[in-house]
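S.K.: Would you mind keeping the following structure in view while I ask a few things?
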Amino acid sequence: EGNAQLGRWGEEVIYKYLCDQHPSATITWVNKDAESGLCFDLKMAENDRVIYIEVKTTADEEKDFFEISVQEVLFAKQKGDNFIIYRVMFTGSNKAKITKILNPGEL
């Protein structure tokens, strides 16, 4: 329950962040109403390009790793530059530190 709430909070942070940063894009939060089971949490369409976004959230900014499924790795490799991981680290007082990982399938 706690991890699901934390993950949802991180997805909401990135959804709002992307809406602010890309006002002309169409951004879909695929897990807004319920967990979709897809290999991504958000989808952003802008300038004839679709970007798939996976959000990884941790409650501790000292934690230097996160879990990623085999399916997510394969999807990242398939989508290449069109797949981004946003890492959200809770820093207390409802503040977050955001890190963007481009083309994680190449790591």
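As shown in the structure tokens, the chain order sets the letters A, B, ...; within each chain, residues go from 1, and ligands are also counted from 1 in the order they appear.
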With only C-alpha atoms as the counted atoms, please give the residues lying no more than 8 Å from segment 20-25 of chain A, apart from itself and same-chain residues fewer than 4 positions off, as a tab-separated table (two decimals) with N, CA, C and O atoms, in the first residue's frame.
M.R.:
chain	number	residue	atom	x	y	z
A	16	LYS	N	2.29	16.66	-13.59
A	16	LYS	CA	2.15	18.11	-13.45
A	16	LYS	C	3.38	18.83	-14.02
A	16	LYS	O	3.25	19.87	-14.68
A	44	MET	N	3.55	11.07	-23.77
A	44	MET	CA	3.53	12.46	-24.20
A	44	MET	C	3.66	12.54	-25.71
A	44	MET	O	4.60	12.01	-26.29
A	45	ALA	N	2.67	13.17	-26.35
A	45	ALA	CA	2.69	13.36	-27.80
A	45	ALA	C	2.90	14.84	-28.08
A	45	ALA	O	2.13	15.70	-27.59
A	46	GLU	N	3.95	15.12	-28.85
A	46	GLU	CA	4.28	16.51	-29.18
A	46	GLU	C	5.08	16.53	-30.47
A	46	GLU	O	6.04	15.76	-30.63
A	47	ASN	N	4.68	17.39	-31.40
A	47	ASN	CA	5.40	17.55	-32.67
A	47	ASN	C	5.60	16.22	-33.40
A	47	ASN	O	6.71	15.88	-33.80
S.K.: Based on DSSP run over this structure's backbone, return all residues of chain A in strand (DSSP E), as a PyMOL selection string.
M.R.: chain A and resi 26-29+42-46+49-58+83-92+95-102
S.K.: Could you name the residues that touch segment 65-76 of chain A at 10 Å or less, counting only C-alpha atoms, but leaving out those on the same chain fewer than 6 positions away, as a PyMOL selection string?
M.R.: chain A and resi 38-40+52-54+56-58+82-85+87+102-107
S.K.: Restricting the output to N, CA and C atoms, write the selected residues as an mmCIF file, in the first residue's frame.
M.R.:
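Generated output (selection-v4.cif):
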data_model
loop_
_atom_site.group_PDB
_atom_site.id
_atom_site.type_symbol
_atom_site.label_atom_id
_atom_site.label_comp_id
_atom_site.auth_asym_id
_atom_site.auth_seq_id
_atom_site.Cartn_x
_atom_site.Cartn_y
_atom_site.Cartn_z
ATOM 1 N N LEU A 38 1.034 -1.499 -17.938
ATOM 2 C CA LEU A 38 1.896 -1.218 -19.098
ATOM 3 C C LEU A 38 3.327 -0.956 -18.640
ATOM 4 N N CYS A 39 4.235 -0.877 -19.584
ATOM 5 C CA CYS A 39 5.660 -0.657 -19.287
ATOM 6 C C CYS A 39 5.993 0.822 -19.166
ATOM 7 N N PHE A 40 4.986 1.660 -19.055
ATOM 8 C CA PHE A 40 5.186 3.095 -18.904
ATOM 9 C C PHE A 40 4.016 3.660 -18.104
ATOM 10 N N TYR A 52 7.398 7.784 -24.283
ATOM 11 C CA TYR A 52 6.877 6.944 -23.213
ATOM 12 C C TYR A 52 7.710 7.210 -21.966
ATOM 13 N N ILE A 53 7.031 7.399 -20.847
ATOM 14 C CA ILE A 53 7.702 7.818 -19.625
ATOM 15 C C ILE A 53 7.381 6.853 -18.496
ATOM 16 N N GLU A 54 8.435 6.354 -17.873
ATOM 17 C CA GLU A 54 8.311 5.515 -16.685
ATOM 18 C C GLU A 54 8.785 6.352 -15.507
ATOM 19 N N LYS A 56 9.940 6.400 -11.545
ATOM 20 C CA LYS A 56 10.442 5.605 -10.424
ATOM 21 C C LYS A 56 10.568 6.537 -9.230
ATOM 22 N N THR A 57 9.883 6.196 -8.145
ATOM 23 C CA THR A 57 9.828 7.073 -6.982
ATOM 24 C C THR A 57 10.413 6.375 -5.765
ATOM 25 N N THR A 58 11.235 7.113 -5.014
ATOM 26 C CA THR A 58 11.767 6.601 -3.751
ATOM 27 C C THR A 58 11.531 7.633 -2.664
ATOM 28 N N ASN A 82 12.761 7.448 -27.489
ATOM 29 C CA ASN A 82 11.368 7.768 -27.188
ATOM 30 C C ASN A 82 10.906 7.162 -25.856
ATOM 31 N N PHE A 83 11.869 6.759 -25.018
ATOM 32 C CA PHE A 83 11.561 6.241 -23.690
ATOM 33 C C PHE A 83 12.439 6.973 -22.686
ATOM 34 N N ILE A 84 11.815 7.511 -21.655
ATOM 35 C CA ILE A 84 12.528 8.271 -20.622
ATOM 36 C C ILE A 84 12.088 7.770 -19.255
ATOM 37 N N ILE A 85 13.043 7.656 -18.349
ATOM 38 C CA ILE A 85 12.714 7.398 -16.951
ATOM 39 C C ILE A 85 12.895 8.701 -16.185
ATOM 40 N N ARG A 87 13.144 9.877 -12.376
ATOM 41 C CA ARG A 87 13.314 9.404 -11.006
ATOM 42 C C ARG A 87 12.904 10.530 -10.073
ATOM 43 N N LEU A 102 17.622 9.702 -19.932
ATOM 44 C CA LEU A 102 17.294 9.570 -21.357
ATOM 45 C C LEU A 102 17.763 8.221 -21.904
ATOM 46 N N ASN A 103 16.977 7.629 -22.777
ATOM 47 C CA ASN A 103 17.316 6.380 -23.471
ATOM 48 C C ASN A 103 17.950 5.351 -22.518
ATOM 49 N N PRO A 104 17.240 4.959 -21.463
ATOM 50 C CA PRO A 104 17.816 4.023 -20.487
ATOM 51 C C PRO A 104 18.129 2.648 -21.056
ATOM 52 N N GLY A 105 17.563 2.309 -22.194
ATOM 53 C CA GLY A 105 17.852 1.016 -22.812
ATOM 54 C C GLY A 105 19.292 0.897 -23.253
ATOM 55 N N GLU A 106 20.001 2.009 -23.359
ATOM 56 C CA GLU A 106 21.411 2.008 -23.767
ATOM 57 C C GLU A 106 22.358 1.928 -22.577
ATOM 58 N N LEU A 107 21.836 2.002 -21.357
ATOM 59 C CA LEU A 107 22.713 1.968 -20.180
ATOM 60 C C LEU A 107 23.277 0.589 -19.940
#
S.K.: So which one's closest to Met89 of chain A, A:Leu6, A:Asn31, A:Tyr15, A:Lys43? Using only C-alpha atoms, please.
M.R.: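 So, comparing all the options, the nearest one is A:Leu6.
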S.K.: Which is closer to Ala96 of chain A than all the others in A:Asp48, A:Gly10, A:Thr28, A:Asp64, using only C-alpha atoms?
M.R.: A:Gly10
S.K.: Tell me, which residues of chain A carry DSSP alpha helix (DSSP H), written as a ChimeraX atom specification?
M.R.: /A:2-21,70-79
S.K.: Which polymer residues have any atom within 12 Å of an atom of Ala34 of chain A, counting only C-alpha atoms, with same-chain residues fewer than 4 positions away left out, as a list in words?
M.R.: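 Answer for this query is Ala4, Gln5, Arg8, Trp29, Val30, Leu38 and Asp41 of chain A.
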S.K.: Given only C-alpha atoms as the basis, pick out the residue of A:Lys77, A:Arg49, A:Lys32, A:Lys63 nearest to Phe90 of chain A.
M.R.: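 Ranking A:Lys77, A:Arg49, A:Lys32, A:Lys63 by distance to Phe90 of chain A, first place goes to A:Lys63.
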S.K.: Using only C-alpha atoms, can you tell me which of A:Thr91, A:Thr99, A:Thr26, A:Asn3 comes closest to Glu61 of chain A?
M.R.: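 Of the candidates, the smallest distance to Glu61 of chain A is held by A:Thr91.
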S.K.: Which is closer to Leu42 of chain A than all the others in A:Gly92, A:Asp60, A:Asp81, A:Val55, using only C-alpha atoms?
M.R.: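 Among A:Gly92, A:Asp60, A:Asp81, A:Val55, it is A:Val55 that comes nearest to Leu42 of chain A.
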